[in-house]
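Q: What follows is entry.cif; its format and atoms are mmCIF, C-alpha atoms.
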data_data
#
loop_
_atom_site.group_PDB
_atom_site.id
_atom_site.type_symbol
_atom_site.label_atom_id
_atom_site.label_comp_id
_atom_site.auth_asym_id
_atom_site.auth_seq_id
_atom_site.Cartn_x
_atom_site.Cartn_y
_atom_site.Cartn_z
ATOM 1 C CA MET W 1 33.265 -15.398 -33.650
ATOM 2 C CA TYR W 2 35.390 -17.367 -36.121
ATOM 3 C CA GLN W 3 38.705 -15.914 -35.007
ATOM 4 C CA GLU W 4 37.853 -16.176 -31.313
ATOM 5 C CA THR W 5 36.938 -19.850 -31.703
ATOM 6 C CA ILE W 6 40.028 -20.709 -33.730
ATOM 7 C CA ASP W 7 42.407 -18.912 -31.330
ATOM 8 C CA THR W 8 40.994 -20.318 -28.096
ATOM 9 C CA PRO W 9 43.599 -22.625 -26.512
ATOM 10 C CA GLY W 10 42.443 -26.221 -26.328
ATOM 11 C CA GLN W 11 39.432 -25.602 -28.558
ATOM 12 C CA ALA W 12 37.886 -28.850 -29.826
ATOM 13 C CA SER W 13 38.481 -29.665 -33.474
ATOM 14 C CA TYR W 14 34.764 -30.083 -34.201
ATOM 15 C CA ALA W 15 34.106 -26.522 -32.969
ATOM 16 C CA LYS W 16 36.800 -25.162 -35.270
ATOM 17 C CA ALA W 17 35.364 -27.172 -38.163
ATOM 18 C CA ALA W 18 31.836 -25.889 -37.474
ATOM 19 C CA VAL W 19 32.771 -22.203 -37.433
ATOM 20 C CA GLY W 20 34.910 -22.757 -40.526
ATOM 21 C CA GLN W 21 31.958 -24.222 -42.426
ATOM 22 C CA PHE W 22 29.734 -21.373 -41.228
ATOM 23 C CA ARG W 23 32.306 -18.775 -42.339
ATOM 24 C CA GLU W 24 32.701 -20.423 -45.721
ATOM 25 C CA VAL W 25 28.996 -19.984 -46.521
ATOM 26 C CA TYR W 26 29.047 -16.247 -45.887
ATOM 27 C CA LYS W 27 32.551 -15.362 -47.077
ATOM 28 C CA ASP W 28 33.293 -17.423 -50.161
ATOM 29 C CA GLY W 29 30.296 -19.715 -50.612
ATOM 30 C CA GLU W 30 26.625 -18.847 -51.101
ATOM 31 C CA TYR W 31 27.431 -15.242 -50.200
ATOM 32 C CA LYS W 32 30.499 -13.178 -51.045
ATOM 33 C CA ASP W 33 32.153 -11.256 -48.197
ATOM 34 C CA TYR W 34 28.918 -11.264 -46.184
ATOM 35 C CA ASN W 35 27.093 -9.388 -48.983
ATOM 36 C CA GLU W 36 28.909 -6.215 -48.030
ATOM 37 C CA ASP W 37 28.470 -4.816 -51.558
ATOM 38 C CA GLU W 38 24.694 -5.380 -51.299
ATOM 39 C CA ALA W 39 24.246 -3.657 -47.939
ATOM 40 C CA ASP W 40 21.847 -1.031 -49.303
ATOM 41 C CA ASN W 41 19.737 -3.480 -51.286
ATOM 42 C CA GLY W 42 18.583 -5.917 -48.641
ATOM 43 C CA LYS W 43 18.924 -7.236 -45.114
ATOM 44 C CA TRP W 44 19.932 -10.292 -43.139
ATOM 45 C CA TRP W 45 17.164 -12.256 -41.462
ATOM 46 C CA VAL W 46 18.094 -14.140 -38.313
ATOM 47 C CA ALA W 47 16.125 -16.473 -36.062
ATOM 48 C CA VAL W 48 15.702 -14.880 -32.614
ATOM 49 C CA ARG W 49 14.108 -16.710 -29.719
ATOM 50 C CA ASN W 50 12.029 -15.121 -27.010
ATOM 51 C CA PRO W 51 14.089 -15.576 -23.808
ATOM 52 C CA ASP W 52 10.841 -15.960 -21.859
ATOM 53 C CA ARG W 53 9.741 -18.889 -24.045
ATOM 54 C CA GLU W 54 12.850 -20.981 -24.493
ATOM 55 C CA ASP W 55 11.047 -23.963 -22.963
ATOM 56 C CA ASP W 56 8.275 -23.650 -25.564
ATOM 57 C CA PRO W 57 8.975 -25.980 -28.533
ATOM 58 C CA ALA W 58 7.354 -23.413 -30.841
ATOM 59 C CA SER W 59 10.174 -20.972 -30.113
ATOM 60 C CA TRP W 60 12.620 -23.384 -31.770
ATOM 61 C CA GLU W 61 10.632 -24.058 -34.944
ATOM 62 C CA CYS W 62 12.789 -21.720 -37.021
ATOM 63 C CA ASP W 63 16.270 -23.211 -37.290
ATOM 64 C CA LYS W 64 17.435 -21.431 -40.462
ATOM 65 C CA GLN W 65 20.887 -19.931 -40.463
ATOM 66 C CA PRO W 66 21.059 -16.169 -41.204
ATOM 67 C CA PHE W 67 19.879 -15.546 -44.776
ATOM 68 C CA TRP W 68 19.708 -12.564 -47.130
ATOM 69 C CA VAL W 69 16.482 -11.005 -48.433
ATOM 70 C CA GLU W 70 16.223 -8.234 -50.981
ATOM 71 C CA ASN W 71 14.399 -5.122 -49.781
ATOM 72 C CA ASN W 72 10.591 -5.511 -49.863
ATOM 73 C CA ASP W 73 10.802 -9.227 -50.743
ATOM 74 C CA ASP W 74 8.937 -11.853 -48.740
ATOM 75 C CA PRO W 75 11.492 -13.728 -46.595
ATOM 76 C CA GLY W 76 9.580 -16.943 -47.283
ATOM 77 C CA VAL W 77 9.568 -18.434 -43.781
ATOM 78 C CA ASP W 78 6.486 -19.001 -41.636
ATOM 79 C CA GLN W 79 8.067 -17.397 -38.567
ATOM 80 C CA ALA W 80 9.069 -14.138 -40.272
ATOM 81 C CA VAL W 81 7.980 -10.987 -38.461
ATOM 82 C CA THR W 82 4.580 -9.789 -39.717
ATOM 83 C CA PRO W 83 2.044 -7.289 -38.377
ATOM 84 C CA GLU W 84 0.314 -10.211 -36.634
ATOM 85 C CA VAL W 85 3.564 -11.252 -34.926
ATOM 86 C CA LEU W 86 4.022 -7.649 -33.771
ATOM 87 C CA ALA W 87 0.414 -7.665 -32.516
ATOM 88 C CA GLU W 88 1.180 -10.734 -30.405
ATOM 89 C CA ALA W 89 4.310 -9.043 -29.033
ATOM 90 C CA ALA W 90 2.210 -6.004 -28.122
ATOM 91 C CA TYR W 91 -0.336 -8.330 -26.485
ATOM 92 C CA ASN W 92 2.398 -9.654 -24.184
ATOM 93 C CA ALA W 93 3.369 -6.102 -23.230
ATOM 94 C CA ILE W 94 -0.104 -4.846 -22.263
ATOM 95 C CA GLN W 95 -0.404 -3.872 -18.604
ATOM 96 C CA LEU W 96 -3.932 -3.768 -17.256
ATOM 97 C CA PRO W 97 -5.136 -2.019 -14.098
ATOM 98 C CA ASP W 98 -5.786 -3.939 -10.895
ATOM 99 C CA THR W 99 -9.350 -5.128 -10.549
ATOM 100 C CA LYS W 100 -10.708 -3.744 -7.316
ATOM 101 C CA VAL W 101 -14.415 -3.024 -7.399
ATOM 102 C CA THR W 102 -16.037 -0.346 -5.286
ATOM 103 C CA LEU W 103 -18.607 -1.776 -2.894
ATOM 104 C CA ALA W 104 -21.457 -0.205 -0.970
ATOM 105 C CA PRO W 105 -21.498 -0.975 1.899
ATOM 106 C CA GLU W 106 -17.693 -0.921 1.736
ATOM 107 C CA ASP W 107 -15.686 -3.847 3.192
ATOM 108 C CA THR W 108 -18.322 -4.713 5.804
ATOM 109 C CA THR W 109 -21.904 -5.566 4.855
ATOM 110 C CA LYS W 110 -24.893 -7.269 6.464
ATOM 111 C CA VAL W 111 -26.639 -10.571 5.928
ATOM 112 C CA ASN W 112 -29.447 -10.271 3.329
ATOM 113 C CA LEU W 113 -28.437 -6.711 2.479
ATOM 114 C CA PRO W 114 -27.839 -6.123 -1.266
ATOM 115 C CA THR W 115 -24.276 -4.906 -1.782
ATOM 116 C CA TRP W 116 -23.704 -2.689 -4.797
ATOM 117 C CA ALA W 117 -20.577 -3.177 -6.912
ATOM 118 C CA TRP W 118 -19.149 -1.033 -9.705
ATOM 119 C CA LEU W 119 -16.045 -0.042 -11.625
ATOM 120 C CA ASP W 120 -15.285 3.530 -12.580
ATOM 121 C CA LYS W 121 -15.096 4.180 -16.336
ATOM 122 C CA ALA W 122 -12.127 6.519 -15.755
ATOM 123 C CA GLN W 123 -10.046 3.579 -14.529
ATOM 124 C CA PHE W 124 -11.370 0.827 -16.759
ATOM 125 C CA LYS W 125 -10.935 2.080 -20.281
ATOM 126 C CA GLU W 126 -9.276 0.753 -23.379
ATOM 127 C CA VAL W 127 -5.559 0.021 -23.148
ATOM 128 C CA ALA W 128 -3.459 -0.056 -26.321
ATOM 129 C CA VAL W 129 0.151 -0.978 -27.104
ATOM 130 C CA THR W 130 1.883 -0.533 -30.469
ATOM 131 C CA ALA W 131 4.802 -2.661 -31.654
ATOM 132 C CA ALA W 132 6.777 -1.550 -34.723
ATOM 133 C CA LEU W 133 9.684 -2.764 -36.829
ATOM 134 C CA ASN W 134 11.457 -0.319 -39.128
ATOM 135 C CA VAL W 135 14.618 -1.650 -40.777
ATOM 136 C CA ALA W 136 15.978 -1.434 -44.305
ATOM 137 C CA GLY W 137 13.087 -1.992 -46.672
ATOM 138 C CA LEU W 138 10.697 -3.112 -43.969
ATOM 139 C CA ASN W 139 8.410 -0.787 -42.028
ATOM 140 C CA ILE W 140 5.485 -2.520 -40.319
ATOM 141 C CA GLN W 141 3.563 -2.041 -37.115
ATOM 142 C CA ALA W 142 0.554 -3.293 -35.203
ATOM 143 C CA THR W 143 -1.538 -1.898 -32.378
ATOM 144 C CA THR W 144 -3.168 -4.277 -29.924
ATOM 145 C CA THR W 145 -6.110 -2.948 -27.928
ATOM 146 C CA ALA W 146 -7.705 -4.457 -24.828
ATOM 147 C CA LYS W 147 -11.234 -3.316 -24.028
ATOM 148 C CA PRO W 148 -13.057 -4.238 -20.800
ATOM 149 C CA VAL W 149 -16.365 -5.933 -21.588
ATOM 150 C CA SER W 150 -17.628 -7.505 -18.378
ATOM 151 C CA LEU W 151 -17.077 -8.058 -14.662
ATOM 152 C CA ARG W 152 -17.610 -11.440 -13.003
ATOM 153 C CA LEU W 153 -18.314 -11.605 -9.262
ATOM 154 C CA GLU W 154 -17.672 -14.739 -7.228
ATOM 155 C CA PRO W 155 -18.758 -14.150 -3.596
ATOM 156 C CA GLY W 156 -16.395 -16.684 -2.032
ATOM 157 C CA THR W 157 -19.225 -18.731 -0.544
ATOM 158 C CA GLU W 158 -22.181 -20.702 -1.873
ATOM 159 C CA ASP W 159 -24.405 -18.910 0.644
ATOM 160 C CA ALA W 160 -24.763 -15.829 -1.510
ATOM 161 C CA GLU W 161 -26.643 -14.447 -4.482
ATOM 162 C CA THR W 162 -25.311 -12.260 -7.266
ATOM 163 C CA TYR W 163 -26.888 -9.527 -9.358
ATOM 164 C CA PRO W 164 -27.456 -10.467 -12.095
ATOM 165 C CA ALA W 165 -27.901 -14.121 -11.176
ATOM 166 C CA SER W 166 -25.110 -15.163 -13.545
ATOM 167 C CA GLY W 167 -22.631 -13.000 -11.638
ATOM 168 C CA GLU W 168 -21.582 -11.445 -14.972
ATOM 169 C CA CYS W 169 -21.991 -7.662 -15.089
ATOM 170 C CA ALA W 170 -21.873 -6.222 -18.617
ATOM 171 C CA ILE W 171 -20.161 -2.950 -19.491
ATOM 172 C CA ASN W 172 -22.380 0.116 -19.756
ATOM 173 C CA ASP W 173 -22.593 2.395 -22.774
ATOM 174 C CA ASP W 174 -20.385 4.972 -21.048
ATOM 175 C CA GLY W 175 -17.643 2.427 -20.332
ATOM 176 C CA SER W 176 -18.425 1.886 -16.657
ATOM 177 C CA ILE W 177 -19.476 -1.417 -15.111
ATOM 178 C CA GLY W 178 -22.300 -1.512 -12.586
ATOM 179 C CA GLU W 179 -23.792 1.556 -10.975
ATOM 180 C CA PRO W 180 -22.581 3.585 -7.972
ATOM 181 C CA TYR W 181 -24.814 3.461 -4.924
ATOM 182 C CA ALA W 182 -26.471 6.721 -3.922
ATOM 183 C CA LYS W 183 -29.071 7.830 -1.421
ATOM 184 C CA GLY W 184 -32.533 6.886 -2.522
ATOM 185 C CA LYS W 185 -31.467 3.558 -4.008
ATOM 186 C CA ALA W 186 -31.779 1.510 -0.834
ATOM 187 C CA ASP W 187 -34.939 -0.236 -2.011
ATOM 188 C CA GLN W 188 -33.605 -0.913 -5.488
ATOM 189 C CA THR W 189 -31.895 -4.039 -6.742
ATOM 190 C CA PRO W 190 -28.324 -3.256 -7.810
ATOM 191 C CA PRO W 191 -27.646 -3.888 -11.503
ATOM 192 C CA CYS W 192 -24.308 -5.357 -10.412
ATOM 193 C CA GLY W 193 -23.654 -6.696 -6.927
ATOM 194 C CA LEU W 194 -24.273 -9.491 -4.494
ATOM 195 C CA LYS W 195 -26.107 -10.479 -1.320
ATOM 196 C CA TYR W 196 -24.669 -12.693 1.390
ATOM 197 C CA LEU W 197 -27.067 -15.088 3.110
ATOM 198 C CA ARG W 198 -24.988 -15.822 6.177
ATOM 199 C CA SER W 199 -22.410 -14.195 8.394
ATOM 200 C CA SER W 200 -18.688 -14.568 7.799
ATOM 201 C CA GLY W 201 -18.299 -15.109 11.557
ATOM 202 C CA ASP W 202 -14.944 -13.990 12.918
ATOM 203 C CA GLY W 203 -13.402 -13.934 9.458
ATOM 204 C CA SER W 204 -14.342 -12.696 6.025
ATOM 205 C CA PHE W 205 -15.410 -13.985 2.635
ATOM 206 C CA ASN W 206 -12.972 -13.829 -0.258
ATOM 207 C CA LEU W 207 -14.776 -11.932 -3.016
ATOM 208 C CA GLN W 208 -13.219 -12.539 -6.434
ATOM 209 C CA ALA W 209 -13.773 -9.825 -9.024
ATOM 210 C CA THR W 210 -12.571 -10.647 -12.534
ATOM 211 C CA VAL W 211 -12.723 -8.362 -15.564
ATOM 212 C CA THR W 212 -12.823 -9.858 -19.053
ATOM 213 C CA TRP W 213 -10.903 -7.834 -21.625
ATOM 214 C CA GLU W 214 -11.693 -8.228 -25.318
ATOM 215 C CA VAL W 215 -8.477 -8.004 -27.351
ATOM 216 C CA THR W 216 -8.223 -6.929 -30.996
ATOM 217 C CA TRP W 217 -5.412 -5.729 -33.244
ATOM 218 C CA ALA W 218 -4.910 -3.649 -36.371
ATOM 219 C CA GLY W 219 -1.727 -3.368 -38.394
ATOM 220 C CA THR W 220 0.047 -2.291 -41.547
ATOM 221 C CA GLY W 221 -1.763 -2.921 -44.815
ATOM 222 C CA GLY W 222 -5.201 -3.183 -43.225
ATOM 223 C CA ALA W 223 -4.385 -6.395 -41.409
ATOM 224 C CA GLY W 224 -6.170 -7.071 -38.160
ATOM 225 C CA GLY W 225 -8.272 -9.457 -36.129
ATOM 226 C CA ASP W 226 -8.922 -10.829 -32.678
ATOM 227 C CA LEU W 227 -6.562 -12.189 -30.063
ATOM 228 C CA PRO W 228 -7.527 -14.334 -27.049
ATOM 229 C CA ASN W 229 -9.529 -12.491 -24.410
ATOM 230 C CA GLY W 230 -7.735 -11.733 -21.179
ATOM 231 C CA GLU W 231 -9.147 -12.257 -17.695
ATOM 232 C CA PHE W 232 -7.588 -10.370 -14.799
ATOM 233 C CA GLY W 233 -8.873 -10.062 -11.275
ATOM 234 C CA ASN W 234 -8.203 -9.555 -7.601
ATOM 235 C CA ASP W 235 -9.489 -10.932 -4.317
ATOM 236 C CA GLN W 236 -11.186 -8.667 -1.796
ATOM 237 C CA ALA W 237 -11.982 -9.509 1.811
ATOM 238 C CA VAL W 238 -15.625 -8.830 2.695
ATOM 239 C CA ILE W 239 -16.864 -9.002 6.282
ATOM 240 C CA VAL W 240 -20.514 -10.013 6.625
ATOM 241 C CA GLN W 241 -22.255 -9.341 9.921
ATOM 242 C CA GLU W 242 -25.467 -10.864 11.231
ATOM 243 C CA ILE W 243 -28.192 -8.546 12.498
ATOM 244 C CA GLN W 244 -31.793 -9.145 13.503
ATOM 245 C CA SER W 245 -33.219 -6.383 11.396
ATOM 246 C CA VAL W 246 -32.057 -3.818 8.927
ATOM 247 C CA ASN W 247 -33.553 -0.329 8.758
ATOM 248 C CA ARG W 248 -32.976 1.448 5.516
#
Before anything else, please render the file you have as structure tokens.
A:
Amino acid sequence: MYQETIDTPGQASYAKAAVGQFREVYKDGEYKDYNEDEADNGKWWVAVRNPDREDDPASWECDKQPFWVENNDDPGVDQAVTPEVLAEAAYNAIQLPDTKVTLAPEDTTKVNLPTWAWLDKAQFKEVAVTAALNVAGLNIQATTTAKPVSLRLEPGTEDAETYPASGECAINDDGSIGEPYAKGKADQTPPCGLKYLRSSGDGSFNLQATVTWEVTWAGTGGAGGDLPNGEFGNDQAVIVQEIQSVNR
């Protein structure tokens, strides 16, 4: 970088002065020949900004120039990579499945007819991502795990009721949410579902199904804790037809 800057035709004098001062620190100043003789005893730490967060002031909080740290020593800066930082990086990398609930009746239901809703445990299970850093003298990692804990149903109209009344369906012991409809359950109230009180006319209602994921992490040295819950959902079109009577 130094030589390229110095040799560039028309380069401004302040740029040449800046790279000269930078080079002096690492060649003949605080460090000698870039600590080449100490290469096996430590590592350089450098501030790196997340390219997806360059507009976030927090991403610019560390403005230290590259500095040397002996192996296994604490770098002494708040922004240094730790298991918790890795856990947050893993959090950003988690990909969760689309939230599309199974309905019975499917897609088209009737006014005042309880509609059952559920999520299959095979699809909605824990999702985990591990982030690790293994460089000279530093070997740390963290695993972030997202676990589905509830499903919230919003019918898309005020003329509807949800089961339970809160619209929040808790996860079952086996990891599923709600209960599949089956013959013989027509007279039962669904543990998770909804009932529309009027027709959708020539259109449909926009059912919103949102799953809340509880997020935790565990890392090197027994570190661990909670991260903010995630909420992910999809919209589903539900047609509601009016009939005079329903035989079940």
Q: So which residues touch Ala142 in chain W within 7 Å, counting only C-alpha atoms, skipping near sequence neighbours fewer than 3 positions away, as a list in words?
A: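 Listed by chain and then number, they are Pro83, Leu86, Ala87, Thr130, Ala131, Ala132, Trp217, Ala218, Gly219 and Thr220 of chain W.
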Q: Counting only C-alpha atoms, figure out which residue out of W:Asp74, W:Asp63, W:Asp174, W:Glu179 gets nearest to Leu119 in chain W.
A: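 Looking only at the distances to Leu119 in chain W, the closest residue turns out to be W:Glu179.
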Q: Of the candidates W:Asp187, W:Glu242, W:Asp40, W:Glu30, which one gets nearest to Pro66 in chain W if we count all atoms listed in the file?
A: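 Closest candidate: W:Glu30.
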Q: May I ask for the distance between CA of Thr212 in chain W and CA of Ser176 in chain W, given in Å to one decimal place?
A: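 If I compute the distance from CA of Thr212 in chain W to CA of Ser176 in chain W, I get 13.2 Å.
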Q: Choose the residue, out of W:Tyr31, W:Ala237, W:Thr189, W:Glu126, that has the smallest atom-to-atom separation from Gln95 in chain W; count all atoms listed in the file.
A: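 Counting all atoms listed in the file, the residue closest to Gln95 in chain W is W:Glu126.
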Q: Just checking: using only C-alpha atoms, which residue out of W:Val211, W:Val135, W:Ala146, W:Ala39 ends up closest to Ile171 in chain W?
A: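 Among the listed residues, the smallest separation from Ile171 in chain W belongs to W:Val211.
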Q: Determine the residue set returned by the PyMOL selection byres ((chain W and resi 5) around 12) for the present structure, and present it as a VMD selection string.
A: chain W and resid 1 to 4 6 to 20 23
Q: Running the PyMOL selection byres ((chain W and resi 214) around 6) on this model by hand, what would come out? Give it as a list in words.
A: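 Here the PyMOL selection byres ((chain W and resi 214) around 6) matches Ala146, Lys147, Trp213, Val215 and Asn229 of chain W.
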Q: Figure out the distance between CA of Val25 in chain W and CA of Asn139 in chain W, please, to one decimal in Å.
A: 28.5 Å
Q: One number please: CA of Val111 in chain W to CA of Asp202 in chain W, in Å, one decimal.
A: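 If I compute the distance from CA of Val111 in chain W to CA of Asp202 in chain W, I get 14.0 Å.
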Q: Name every residue that the PyMOL selection byres ((chain W and resi 49) around 10) selects in this structure, writing the answer as a PyMOL selection string with chains first and numbers rising.
A: chain W and resi 46-48+50-54+56+58-62
Q: Would you please work out which residue, of W:Leu96, W:Asn234, W:Leu227, W:Tyr196, is nearest to Thr109 in chain W when using only C-alpha atoms?
A: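 Going through W:Leu96, W:Asn234, W:Leu227, W:Tyr196 one by one, the smallest distance to Thr109 in chain W is for W:Tyr196.
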Q: Between W:Ala160, W:Val149, W:Leu194, W:Ala122, which is the closest to Asn172 in chain W once you count all atoms listed in the file?
A: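 Closest to Asn172 in chain W, using all atoms listed in the file: W:Val149.
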Q: Box for range 108-118 of chain W: with edges along x, y and z, all listed atoms inside and 3 Å added on each side, what are the centre and edge lengths in Å to one decimal, as lines of an AutoDock Vina configuration file?
A:
center_x = -23.9
center_y = -5.8
center_z = -1.6
size_x = 17.1
size_y = 15.5
size_z = 22.2
Q: With all atoms listed in the file as the counted atoms, please give the residues lying no more than 8 Å from Gly167 in chain W, apart from itself and same-chain residues fewer than 2 positions off, as an mmCIF file with C-alpha atoms, in the frame of the given file.
A:
data_model
loop_
_atom_site.group_PDB
_atom_site.id
_atom_site.type_symbol
_atom_site.label_atom_id
_atom_site.label_comp_id
_atom_site.auth_asym_id
_atom_site.auth_seq_id
_atom_site.Cartn_x
_atom_site.Cartn_y
_atom_site.Cartn_z
ATOM 1 C CA ARG W 152 -17.610 -11.440 -13.003
ATOM 2 C CA LEU W 153 -18.314 -11.605 -9.262
ATOM 3 C CA GLU W 154 -17.672 -14.739 -7.228
ATOM 4 C CA THR W 162 -25.311 -12.260 -7.266
ATOM 5 C CA TYR W 163 -26.888 -9.527 -9.358
ATOM 6 C CA PRO W 164 -27.456 -10.467 -12.095
ATOM 7 C CA ALA W 165 -27.901 -14.121 -11.176
ATOM 8 C CA CYS W 169 -21.991 -7.662 -15.089
ATOM 9 C CA CYS W 192 -24.308 -5.357 -10.412
ATOM 10 C CA GLY W 193 -23.654 -6.696 -6.927
#
Q: If you count all atoms listed in the file, which residues fall within 12 Å of Pro75 in chain W, apart from same-chain ones fewer than 4 positions away, as a PDB file with C-alpha atoms, keeping the file's coordinate frame?
A:
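What landed in part-v4.pdb:
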ATOM      1  CA  GLY W  42      18.583  -5.917 -48.641  1.00  0.00           C
ATOM      2  CA  LYS W  43      18.924  -7.236 -45.114  1.00  0.00           C
ATOM      3  CA  TRP W  44      19.932 -10.292 -43.139  1.00  0.00           C
ATOM      4  CA  TRP W  45      17.164 -12.256 -41.462  1.00  0.00           C
ATOM      5  CA  VAL W  46      18.094 -14.140 -38.313  1.00  0.00           C
ATOM      6  CA  ALA W  47      16.125 -16.473 -36.062  1.00  0.00           C
ATOM      7  CA  LYS W  64      17.435 -21.431 -40.462  1.00  0.00           C
ATOM      8  CA  PRO W  66      21.059 -16.169 -41.204  1.00  0.00           C
ATOM      9  CA  PHE W  67      19.879 -15.546 -44.776  1.00  0.00           C
ATOM     10  CA  TRP W  68      19.708 -12.564 -47.130  1.00  0.00           C
ATOM     11  CA  VAL W  69      16.482 -11.005 -48.433  1.00  0.00           C
ATOM     12  CA  GLU W  70      16.223  -8.234 -50.981  1.00  0.00           C
ATOM     13  CA  ASN W  71      14.399  -5.122 -49.781  1.00  0.00           C
ATOM     14  CA  GLN W  79       8.067 -17.397 -38.567  1.00  0.00           C
ATOM     15  CA  ALA W  80       9.069 -14.138 -40.272  1.00  0.00           C
ATOM     16  CA  VAL W  81       7.980 -10.987 -38.461  1.00  0.00           C
ATOM     17  CA  THR W  82       4.580  -9.789 -39.717  1.00  0.00           C
ATOM     18  CA  GLY W 137      13.087  -1.992 -46.672  1.00  0.00           C
ATOM     19  CA  LEU W 138      10.697  -3.112 -43.969  1.00  0.00           C
TER      20      LEU W 138
END
Q: In the coordinate frame of the file, compute which residues have an atom within 12 Å of (-27.7, 2.7, -3.9) when using all atoms listed in the file, and state them as a ChimeraX atom specification.
A: /W:103-105,113-118,178-193,248
